[in-house]
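One file, run-v3.cif, is given below (mmCIF, C-alpha atoms and all ligand atoms).
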data_protein
#
loop_
_atom_site.label_atom_id
_atom_site.label_comp_id
_atom_site.auth_asym_id
_atom_site.auth_seq_id
_atom_site.Cartn_x
_atom_site.Cartn_y
_atom_site.Cartn_z
CA MET A 1 88.02 -190.80 -79.52
CA ARG A 2 85.13 -190.84 -81.91
CA VAL A 3 82.33 -188.26 -81.87
CA LEU A 4 79.09 -188.33 -83.87
CA ALA A 5 77.50 -184.94 -84.58
CA ILE A 6 73.81 -185.11 -85.54
CA ASN A 7 72.68 -181.79 -86.95
CA ASP A 8 71.58 -180.11 -90.18
CA ILE A 9 73.80 -178.72 -92.90
CA SER A 10 72.86 -175.06 -93.31
CA CYS A 11 75.11 -174.37 -96.29
CA VAL A 12 75.33 -170.64 -95.56
CA GLY A 13 75.12 -168.99 -92.14
CA LYS A 14 77.79 -170.81 -90.11
CA CYS A 15 75.79 -172.93 -87.67
CA SER A 16 75.03 -176.61 -87.01
CA LEU A 17 77.37 -179.00 -88.89
CA THR A 18 79.42 -176.34 -90.70
CA VAL A 19 80.46 -175.24 -87.19
CA ALA A 20 80.49 -178.60 -85.36
CA LEU A 21 82.68 -180.48 -87.83
CA PRO A 22 85.60 -178.01 -88.05
CA ILE A 23 85.64 -177.26 -84.33
CA ILE A 24 85.32 -180.85 -83.07
CA SER A 25 87.83 -182.29 -85.56
CA ALA A 26 90.33 -179.47 -84.94
CA SER A 27 90.05 -180.42 -81.25
CA GLY A 28 91.92 -183.57 -82.20
CA VAL A 29 89.21 -186.25 -82.38
CA THR A 30 87.31 -187.99 -85.16
CA CYS A 31 84.02 -186.24 -85.91
CA ASP A 32 81.56 -188.22 -88.03
CA ILE A 33 78.35 -186.53 -89.09
CA LEU A 34 74.71 -187.51 -89.40
CA PRO A 35 73.02 -184.72 -91.39
CA THR A 36 69.32 -184.27 -90.61
CA ALA A 37 68.53 -181.82 -93.43
CA ILE A 38 70.23 -179.67 -96.04
CA LEU A 39 69.20 -176.02 -96.20
CA SER A 40 70.53 -173.24 -98.41
CA THR A 41 70.72 -171.08 -95.25
CA HIS A 42 69.52 -171.56 -91.67
CA THR A 43 65.99 -170.42 -90.87
CA GLY A 44 66.85 -167.51 -88.57
CA GLY A 45 66.78 -164.24 -90.49
CA PHE A 46 66.62 -165.49 -94.08
CA LYS A 47 63.59 -165.85 -96.35
CA GLY A 48 63.23 -168.23 -99.30
CA TYR A 49 65.64 -170.86 -98.03
CA THR A 50 65.53 -174.43 -99.39
CA PHE A 51 64.98 -177.29 -96.91
CA ARG A 52 65.59 -180.91 -97.87
CA ASP A 53 64.59 -183.26 -95.08
CA LEU A 54 66.95 -186.26 -94.91
CA SER A 55 64.78 -188.34 -92.53
CA GLU A 56 64.34 -191.08 -95.12
CA ASP A 57 68.08 -191.76 -95.22
CA ILE A 58 68.79 -191.66 -91.49
CA PRO A 59 67.62 -195.16 -90.38
CA ALA A 60 69.66 -196.79 -93.18
CA MET A 61 72.74 -194.76 -92.29
CA ILE A 62 72.47 -195.80 -88.64
CA ALA A 63 71.94 -199.44 -89.68
CA HIS A 64 74.99 -199.30 -91.96
CA TRP A 65 77.22 -197.92 -89.22
CA LYS A 66 75.84 -200.53 -86.81
CA SER A 67 76.78 -203.26 -89.33
CA LEU A 68 80.32 -201.80 -89.39
CA GLY A 69 80.45 -202.09 -85.60
CA LEU A 70 80.95 -198.34 -85.15
CA GLN A 71 80.66 -197.15 -81.56
CA TYR A 72 80.92 -193.55 -80.39
CA ASP A 73 82.44 -192.08 -77.23
CA ILE A 74 80.25 -188.98 -77.57
CA ILE A 75 77.10 -188.29 -79.57
CA ILE A 76 75.90 -184.69 -79.82
CA SER A 77 72.55 -183.83 -81.37
CA GLY A 78 71.49 -180.36 -82.46
CA TYR A 79 68.82 -179.07 -84.88
CA LEU A 80 66.17 -181.70 -85.58
CA GLY A 81 63.55 -181.00 -88.22
CA SER A 82 60.73 -183.24 -86.95
CA ILE A 83 59.46 -185.42 -84.12
CA ASP A 84 60.44 -188.48 -86.20
CA GLN A 85 64.03 -187.27 -86.13
CA ILE A 86 63.92 -187.06 -82.33
CA GLU A 87 63.08 -190.78 -82.32
CA MET A 88 65.94 -191.40 -84.77
CA VAL A 89 68.41 -189.74 -82.39
CA LYS A 90 67.19 -192.09 -79.64
CA THR A 91 67.88 -195.02 -82.01
CA ALA A 92 71.35 -193.64 -82.79
CA LYS A 93 72.04 -193.47 -79.06
CA ARG A 94 70.83 -197.04 -78.50
CA ASP A 95 72.76 -198.51 -81.45
CA LEU A 96 75.89 -196.39 -81.68
CA LEU A 97 76.81 -194.90 -78.27
CA LYS A 98 79.49 -196.87 -76.40
CA GLU A 99 78.63 -198.31 -73.01
CA GLY A 100 79.55 -195.44 -70.67
CA GLY A 101 79.66 -192.94 -73.58
CA LEU A 102 78.35 -189.38 -73.29
CA MET A 103 75.06 -188.27 -74.85
CA VAL A 104 74.97 -184.49 -75.32
CA VAL A 105 71.75 -182.84 -76.50
CA ASP A 106 71.55 -179.26 -77.71
CA PRO A 107 67.76 -178.85 -77.76
CA VAL A 108 67.79 -176.31 -80.62
CA MET A 109 64.28 -174.78 -80.70
CA GLY A 110 64.41 -171.02 -80.25
CA ASP A 111 66.06 -167.83 -79.06
CA ASN A 112 65.10 -164.45 -77.56
CA GLY A 113 62.00 -165.93 -75.95
CA ILE A 114 60.45 -167.40 -79.11
CA LEU A 115 60.54 -170.71 -80.98
CA TYR A 116 62.23 -170.85 -84.39
CA ALA A 117 60.11 -171.47 -87.52
CA HIS A 118 58.71 -175.06 -87.78
CA PHE A 119 58.62 -175.70 -83.99
CA ASP A 120 55.58 -175.90 -81.70
CA ALA A 121 54.49 -177.05 -78.22
CA LYS A 122 54.27 -180.70 -79.32
CA PHE A 123 57.88 -180.58 -80.50
CA VAL A 124 58.92 -179.09 -77.14
CA GLU A 125 57.24 -182.01 -75.34
CA GLU A 126 59.08 -184.54 -77.51
CA MET A 127 62.37 -182.69 -77.04
CA LYS A 128 61.90 -183.08 -73.28
CA GLY A 129 61.83 -186.83 -73.91
CA LEU A 130 65.16 -186.64 -75.75
CA CYS A 131 66.68 -184.54 -72.94
CA ARG A 132 65.67 -187.31 -70.50
CA GLU A 133 68.00 -189.63 -72.44
CA ALA A 134 70.94 -187.21 -72.32
CA ASP A 135 73.84 -186.96 -69.88
CA VAL A 136 74.47 -183.29 -70.71
CA ILE A 137 72.08 -180.72 -72.22
CA VAL A 138 73.10 -177.25 -73.42
CA PRO A 139 69.93 -175.18 -74.01
CA ASN A 140 70.06 -171.40 -74.25
CA LEU A 141 67.84 -169.51 -71.79
CA THR A 142 64.86 -169.50 -74.20
CA GLU A 143 65.07 -173.27 -74.69
CA ALA A 144 65.57 -173.84 -70.95
CA CYS A 145 62.36 -171.86 -70.32
CA PHE A 146 60.37 -173.88 -72.88
CA LEU A 147 61.72 -177.15 -71.42
CA THR A 148 60.74 -176.20 -67.87
CA GLY A 149 57.51 -174.29 -68.51
CA THR A 150 59.10 -171.05 -67.26
CA ASP A 151 57.88 -167.64 -68.45
CA PHE A 152 60.93 -166.24 -70.31
CA ALA A 153 59.75 -162.63 -69.96
CA ALA A 154 59.54 -163.00 -66.17
CA VAL A 155 63.01 -164.52 -65.64
CA ARG A 156 65.40 -162.28 -63.70
CA GLU A 157 69.06 -162.65 -62.88
CA GLY A 158 68.30 -164.32 -59.56
CA ASP A 159 66.17 -167.00 -61.22
CA TYR A 160 68.74 -168.83 -63.38
CA GLU A 161 69.72 -171.32 -60.68
CA ALA A 162 66.08 -172.24 -60.11
CA VAL A 163 65.61 -172.87 -63.86
CA LEU A 164 68.76 -175.02 -63.83
CA THR A 165 67.40 -176.98 -60.87
CA LYS A 166 64.16 -177.59 -62.81
CA LEU A 167 66.21 -178.88 -65.77
CA LYS A 168 67.78 -181.45 -63.44
CA ALA A 169 64.43 -183.23 -63.46
CA LEU A 170 65.17 -183.97 -67.13
CA CYS A 171 68.91 -184.61 -67.20
CA PRO A 172 71.71 -185.06 -64.63
CA ARG A 173 74.07 -182.42 -66.06
CA PRO A 174 72.11 -179.53 -67.57
CA SER A 175 73.50 -176.10 -68.38
CA ILE A 176 71.97 -172.84 -69.60
CA THR A 177 73.82 -170.54 -71.99
CA GLY A 178 73.28 -166.86 -72.77
CA CYS A 179 72.22 -165.68 -69.29
CA ASP A 180 72.48 -161.89 -68.83
CA VAL A 181 74.21 -161.05 -65.54
CA THR A 182 75.87 -158.20 -63.67
CA TYR A 183 79.38 -159.04 -62.46
CA THR A 184 82.55 -157.39 -61.24
CA LYS A 185 85.21 -156.80 -63.86
CA ASP A 186 88.43 -154.90 -63.05
CA GLY A 187 86.83 -153.78 -59.78
CA LYS A 188 83.79 -152.31 -61.56
CA SER A 189 80.25 -153.54 -62.08
CA ALA A 190 79.77 -154.73 -65.69
CA ARG A 191 77.25 -156.56 -67.85
CA GLY A 192 78.16 -160.16 -68.56
CA THR A 193 76.90 -163.26 -70.30
CA ALA A 194 76.97 -166.37 -68.15
CA VAL A 195 76.69 -170.09 -68.55
CA PHE A 196 74.97 -171.73 -65.58
CA TYR A 197 76.01 -175.37 -65.49
CA THR A 198 76.34 -178.53 -63.45
CA GLY A 199 79.87 -179.48 -62.43
CA ASP A 200 81.25 -183.02 -62.47
CA ASP A 201 80.29 -183.27 -58.76
CA GLY A 202 76.66 -182.34 -59.51
CA GLY A 203 77.02 -178.84 -58.00
CA THR A 204 75.69 -175.68 -59.66
CA ARG A 205 78.23 -173.21 -61.00
CA SER A 206 78.41 -170.34 -63.46
CA TYR A 207 81.07 -168.90 -65.74
CA THR A 208 80.78 -165.29 -66.92
CA THR A 209 82.35 -163.51 -69.87
CA GLU A 210 81.95 -159.86 -70.86
CA LYS A 211 78.73 -159.08 -72.73
CA VAL A 212 78.97 -157.96 -76.33
CA GLU A 213 75.79 -156.04 -77.23
CA GLY A 214 73.72 -157.45 -80.09
CA ALA A 215 72.17 -160.74 -81.18
CA PHE A 216 74.60 -163.16 -82.81
CA HIS A 217 73.43 -166.21 -84.70
CA GLY A 218 75.24 -169.53 -84.22
CA ALA A 219 76.81 -168.72 -80.85
CA GLY A 220 75.16 -171.76 -79.24
CA ASP A 221 76.61 -174.03 -81.93
CA VAL A 222 80.15 -172.68 -81.43
CA TYR A 223 79.81 -173.12 -77.65
CA ALA A 224 78.39 -176.67 -77.82
CA SER A 225 80.99 -177.79 -80.38
CA ALA A 226 83.93 -176.44 -78.36
CA LEU A 227 82.51 -177.94 -75.16
CA VAL A 228 82.29 -181.36 -76.83
CA GLY A 229 85.78 -180.91 -78.32
CA CYS A 230 87.17 -180.30 -74.81
CA LEU A 231 85.21 -183.11 -73.15
CA ALA A 232 86.35 -185.49 -75.93
CA ARG A 233 89.96 -184.64 -75.03
CA GLY A 234 89.29 -185.51 -71.38
CA VAL A 235 89.14 -181.94 -70.04
CA HIS A 236 86.97 -181.72 -66.89
CA THR A 237 83.72 -179.80 -67.07
CA ASP A 238 84.75 -176.58 -65.25
CA ARG A 239 87.71 -176.04 -67.57
CA ALA A 240 85.78 -177.17 -70.67
CA VAL A 241 82.98 -174.68 -69.96
CA ALA A 242 85.51 -171.85 -69.45
CA ILE A 243 87.41 -172.63 -72.67
CA ALA A 244 84.22 -172.97 -74.73
CA ALA A 245 82.71 -169.78 -73.26
CA GLU A 246 85.89 -167.74 -73.93
CA PHE A 247 86.12 -169.04 -77.52
CA THR A 248 82.46 -168.13 -78.10
CA LYS A 249 82.90 -164.65 -76.58
CA ASN A 250 86.05 -164.04 -78.67
CA SER A 251 84.20 -165.15 -81.81
CA ILE A 252 81.29 -162.82 -81.00
CA LYS A 253 83.72 -159.93 -80.41
CA GLN A 254 85.42 -160.63 -83.73
CA THR A 255 82.05 -160.63 -85.49
CA ALA A 256 81.18 -157.27 -83.88
CA ILE A 257 84.59 -155.85 -84.94
CA ASP A 258 84.17 -157.13 -88.51
CA LYS A 259 80.60 -155.76 -88.59
CA THR A 260 79.43 -158.72 -90.66
CA GLU A 261 75.67 -159.32 -90.59
CA PRO A 262 74.84 -161.42 -87.50
CA ARG A 263 72.65 -163.78 -89.55
CA TYR A 264 75.79 -164.94 -91.40
CA GLY A 265 77.10 -166.45 -88.18
CA LEU A 266 80.13 -165.96 -85.97
CA ASN A 267 83.59 -165.23 -87.33
CA SER A 268 85.18 -167.90 -85.19
CA GLU A 269 87.84 -168.88 -87.74
CA SER A 270 90.40 -166.34 -86.53
CA GLN A 271 89.73 -167.37 -82.90
CA MET A 272 90.29 -171.07 -83.51
CA LEU A 273 94.04 -170.96 -82.80
CA GLY A 274 93.43 -169.36 -79.39
CA TYR A 275 90.82 -172.02 -78.64
CA LEU A 276 93.21 -174.83 -79.59
CA GLN A 277 96.03 -173.34 -77.51
CA ALA A 278 93.73 -173.16 -74.47
CA LEU A 279 92.62 -176.75 -75.09
CA ASP A 280 96.22 -177.95 -75.50
CA THR A 281 97.24 -176.28 -72.21
CA ALA A 282 94.28 -177.86 -70.41
CA VAL A 283 95.12 -181.32 -71.81
CA LYS A 284 98.79 -180.97 -70.78
CA GLU A 285 97.90 -179.78 -67.28
CA GLY A 286 95.59 -182.78 -66.93
O1 LIG B 301 71.86 -172.35 -84.92
C1 LIG B 301 70.69 -173.03 -84.71
C2 LIG B 301 70.06 -173.48 -86.01
C3 LIG B 301 70.49 -174.63 -86.61
N1 LIG B 301 69.97 -175.07 -87.77
C4 LIG B 301 68.98 -174.38 -88.39
C5 LIG B 301 68.48 -173.22 -87.82
C6 LIG B 301 69.02 -172.76 -86.61
C7 LIG B 301 68.50 -171.54 -86.01
O2 LIG B 301 67.80 -170.77 -86.58
O3 LIG B 301 67.53 -172.55 -88.46
C8 LIG B 301 68.43 -174.89 -89.68
#
Rewrite the coordinates I just gave you, this time as structure tokens.
Ligand code: PXL
Amino acid sequence: MRVLAINDISCVGKCSLTVALPIISASGVTCDILPTAILSTHTGGFKGYTFRDLSEDIPAMIAHWKSLGLQYDIIISGYLGSIDQIEMVKTAKRDLLKEGGLMVVDPVMGDNGILYAHFDAKFVEEMKGLCREADVIVPNLTEACFLTGTDFAAVREGDYEAVLTKLKALCPRPSITGCDVTYTKDGKSARGTAVFYTGDDGGTRSYTTEKVEGAFHGAGDVYASALVGCLARGVHTDRAVAIAAEFTKNSIKQTAIDKTEPRYGLNSESQMLGYLQALDTAVKEG
């Protein structure tokens, strides 16, 4: 199994490739990387960061790999710095994804109802075009709202399924992460965080974990990387979503316990063993 992760390298802040590479390779598959940019930190919560756009190198890298005959079982794209890079991901898919391979797009654009720095409505439109080429998309609720023209501020708990249905116009297997819900835990009503997703049969489902109060940077990257790690090992979607969601929740909890600044990312390192044990059990059970 060979996975290609297309994302930036934020050197500090534990997101994008510094999260994708360790998690996907620890899952037991080859993870090659196509870096879109190198930043001193990510752009969420830091000032004065450096940003080196690597767009110039990308077409030649794709051409080189094509000349080597490299073909990927899964390609996952994440943070893209420009509309040109969206086109480059489409080229990577055309030239490097195996026939019958899985294209996963994390349409990284924003959080908490707003777009990150450097993104605008035109970028959102182009990102919709990339989502149309994907088999699976993993937006958070903010990104799902931008992709579907939904007013984030007006979305209530009962609306998530409708947003997911709208995303199906773009991609056959969409999901939405980071949905606030009320659920029953130990016989009591509790606040939870849910992933609404599309099962392998096309049906809508959700998976809820306990909510940890606070905003945690890089949670979407941990979730998407673990999901891809599980899918690359042949785990079916329901189980893959559950394993990835639990790993993300455990990493968030650890970060809250450690009281490290959220902008420095999730402390998922100590939760990796638990993730790998859950993955191993799922693989063995088939
Ligand atoms: O985690 C998403 C992400 C990835 N890469 C960069 C970012 C962000 C979010 O802010 O700035 C560079």
| said: Just to confirm, what's the straight-line distance from atom CA of A:Asp135 to atom CA of A:Ile86 in Å (one decimal)? | reply: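 Separation of atom CA of A:Asp135 and atom CA of A:Ile86: 15.9 Å.
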Could you give me, as a tab-separated table, a per-residue list for stretch 230-274 of chain A showing, wherever an atom lies at most 9 Å from an atom of stretch 24-47 of chain A, the closest pair of atoms and their distance in Å to one decimal, using all atoms listed in the file and sorting by chain then residue number from low to high?
residue	atom	partner	partner_atom	distance
A:Cys230	CA	A:Ser27	CA	7.1
A:Ala232	CA	A:Val29	CA	7.1
A:Arg233	CA	A:Gly28	CA	7.5
A:Arg263	CA	A:Gly45	CA	6.0
A:Tyr264	CA	A:Thr41	CA	8.8
A:Met272	CA	A:Ala26	CA	8.5
Written selection (C-alpha atoms) as a CSV table (one decimal), in the frame of the given file:
chain,number,residue,atom,x,y,z
A,230,CYS,CA,87.2,-180.3,-74.8
A,232,ALA,CA,86.4,-185.5,-75.9
A,233,ARG,CA,90.0,-184.6,-75.0
A,263,ARG,CA,72.6,-163.8,-89.6
A,264,TYR,CA,75.8,-164.9,-91.4
A,272,MET,CA,90.3,-171.1,-83.5
Can you check which parts of chain A lie within 8 Å of ligand LIG 301 (chain B)? Per residue, the shortest pair of atoms and distance in Å to one decimal, counting all atoms listed in the file, sorted by chain and number, as a Markdown table.
| residue | atom | partner | partner_atom | distance |
| --- | --- | --- | --- | --- |
| A:Asn7 | CA | B:LIG301 | N1 | 7.3 |
| A:Asp8 | CA | B:LIG301 | N1 | 5.8 |
| A:Ile9 | CA | B:LIG301 | C8 | 7.3 |
| A:Ser10 | CA | B:LIG301 | C8 | 5.7 |
| A:Cys15 | CA | B:LIG301 | O1 | 4.8 |
| A:Ser16 | CA | B:LIG301 | C3 | 5.0 |
| A:Ala37 | CA | B:LIG301 | C8 | 7.9 |
| A:Leu39 | CA | B:LIG301 | C8 | 6.7 |
| A:Thr41 | CA | B:LIG301 | C8 | 7.1 |
| A:His42 | CA | B:LIG301 | O3 | 3.9 |
| A:Thr43 | CA | B:LIG301 | O3 | 3.6 |
| A:Gly44 | CA | B:LIG301 | O2 | 3.9 |
| A:Gly45 | CA | B:LIG301 | O2 | 7.7 |
| A:Gly78 | CA | B:LIG301 | C3 | 7.1 |
| A:Tyr79 | CA | B:LIG301 | C3 | 5.0 |
| A:Leu80 | CA | B:LIG301 | N1 | 7.9 |
| A:Gly81 | CA | B:LIG301 | C8 | 8.0 |
| A:Val108 | CA | B:LIG301 | C1 | 6.0 |
| A:Met109 | CA | B:LIG301 | C7 | 7.5 |
| A:Gly110 | CA | B:LIG301 | C7 | 7.1 |
| A:Tyr116 | CA | B:LIG301 | O2 | 6.0 |
| A:Ala117 | CA | B:LIG301 | O3 | 7.6 |
| A:His217 | CA | B:LIG301 | O1 | 6.3 |
| A:Gly218 | CA | B:LIG301 | O1 | 4.5 |
| A:Ala219 | CA | B:LIG301 | O1 | 7.4 |
| A:Gly220 | CA | B:LIG301 | O1 | 6.6 |
| A:Asp221 | CA | B:LIG301 | O1 | 5.9 |
Go ahead and save the residues from that selection, with C-alpha atoms, as an mmCIF file, in the frame of the given file.
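Below you can see result.cif, which holds the result:
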data_model
loop_
_atom_site.group_PDB
_atom_site.id
_atom_site.type_symbol
_atom_site.label_atom_id
_atom_site.label_comp_id
_atom_site.auth_asym_id
_atom_site.auth_seq_id
_atom_site.Cartn_x
_atom_site.Cartn_y
_atom_site.Cartn_z
ATOM 1 C CA ASN A 7 72.680 -181.790 -86.950
ATOM 2 C CA ASP A 8 71.580 -180.110 -90.180
ATOM 3 C CA ILE A 9 73.800 -178.720 -92.900
ATOM 4 C CA SER A 10 72.860 -175.060 -93.310
ATOM 5 C CA CYS A 15 75.790 -172.930 -87.670
ATOM 6 C CA SER A 16 75.030 -176.610 -87.010
ATOM 7 C CA ALA A 37 68.530 -181.820 -93.430
ATOM 8 C CA LEU A 39 69.200 -176.020 -96.200
ATOM 9 C CA THR A 41 70.720 -171.080 -95.250
ATOM 10 C CA HIS A 42 69.520 -171.560 -91.670
ATOM 11 C CA THR A 43 65.990 -170.420 -90.870
ATOM 12 C CA GLY A 44 66.850 -167.510 -88.570
ATOM 13 C CA GLY A 45 66.780 -164.240 -90.490
ATOM 14 C CA GLY A 78 71.490 -180.360 -82.460
ATOM 15 C CA TYR A 79 68.820 -179.070 -84.880
ATOM 16 C CA LEU A 80 66.170 -181.700 -85.580
ATOM 17 C CA GLY A 81 63.550 -181.000 -88.220
ATOM 18 C CA VAL A 108 67.790 -176.310 -80.620
ATOM 19 C CA MET A 109 64.280 -174.780 -80.700
ATOM 20 C CA GLY A 110 64.410 -171.020 -80.250
ATOM 21 C CA TYR A 116 62.230 -170.850 -84.390
ATOM 22 C CA ALA A 117 60.110 -171.470 -87.520
ATOM 23 C CA HIS A 217 73.430 -166.210 -84.700
ATOM 24 C CA GLY A 218 75.240 -169.530 -84.220
ATOM 25 C CA ALA A 219 76.810 -168.720 -80.850
ATOM 26 C CA GLY A 220 75.160 -171.760 -79.240
ATOM 27 C CA ASP A 221 76.610 -174.030 -81.930
#
Please provide the set of residues having any atom within 7 Å of A:Thr208, restricted to all atoms listed in the file, with same-chain residues fewer than 5 positions apart removed, written as a JSON list (two decimals) with C-alpha atoms, in the frame of the given file.
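Saved file out_17.json follows:
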[["chain", "number", "residue", "atom", "x", "y", "z"],
["A", 192, "GLY", "CA", 78.16, -160.16, -68.56],
["A", 193, "THR", "CA", 76.90, -163.26, -70.30],
["A", 194, "ALA", "CA", 76.97, -166.37, -68.15],
["A", 195, "VAL", "CA", 76.69, -170.09, -68.55]]
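Among A:Gly265, A:Thr260, A:Thr255, A:Leu227, the residue with the shortest atom-to-atom distance to A:Ala242, counting all atoms listed in the file, is A:Leu227.
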| Atom pair atom CA of A:Asp151 / atom CA of A:Cys131: separation (Å) | 19.6 Å
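The gap separating atom CA of A:Val12 from atom CA of A:Gln85 is 22.2 Å, in Å to one decimal.
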| Exercise: stretch 156-170 of chain A partners within 8 Å, all atoms listed in the file, chain neighbours under 6 positions left out, as a ChimeraX atom specification | /A:128,131-132,144-145,147-148,150,176,179-181,196-197,204
| said: Nearest residue to A:Glu210 out of A:Asp238, A:Asp106, A:Asp111, A:Glu246, using all atoms listed in the file? | reply: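 With all atoms listed in the file as the atom set, the closest residue is A:Glu246.
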| field | Nearest to A:Cys171 by atom-to-atom distance, counting only C-alpha atoms, from A:Leu102, A:Ile137, A:Met1, A:Val89 | value |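 Distance minimum relative to A:Cys171 lands on A:Ile137.
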| field | Nearest-residue call for A:Pro172, choices A:Thr142, A:Ser55, A:Thr209, A:Thr198, using only C-alpha atoms | value |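 The answer is A:Thr198, which sits nearest to A:Pro172.
Close contacts of A:Ala134, defined as residues with an atom at most 7 Å away when counting only C-alpha atoms, with chain neighbours fewer than 4 positions off set aside, comprise Met103, Val104, Val105, Leu130 and Cys171 of chain A.
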| task | Give me the residues within 9 Å of A:Ile75 as a PyMOL selection string, counting all atoms listed in the file and dropping any in the same chain fewer than 4 places off. | result | chain A and resi 2-6+92-93+96-97+101-105
| message | Nearest residue to A:Pro139 out of A:Arg94, A:Lys249, A:Arg173, A:Lys122, using only C-alpha atoms? | response | A:Arg173
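Checking A:Glu143, A:Ile23, A:Gly13, A:Val228 one by one against A:Ser77, counting all atoms listed in the file, you find the shortest gap at A:Val228.
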Using only the atoms of stretch 131-136 of chain A listed in the file, plus 3 Å on each side, state the axis-aligned box centre and edge lengths in Å rounded to one decimal, as lines of an AutoDock Vina configuration file.
center_x = 70.1
center_y = -186.5
center_z = -71.4
size_x = 14.8
size_y = 12.3
size_z = 9.1
| Could you name the residues that touch A:Tyr223 at 8 Å or less, counting only C-alpha atoms, but leaving out those on the same chain fewer than 6 positions away, as a PyMOL selection string? | chain A and resi 244-245+247-248
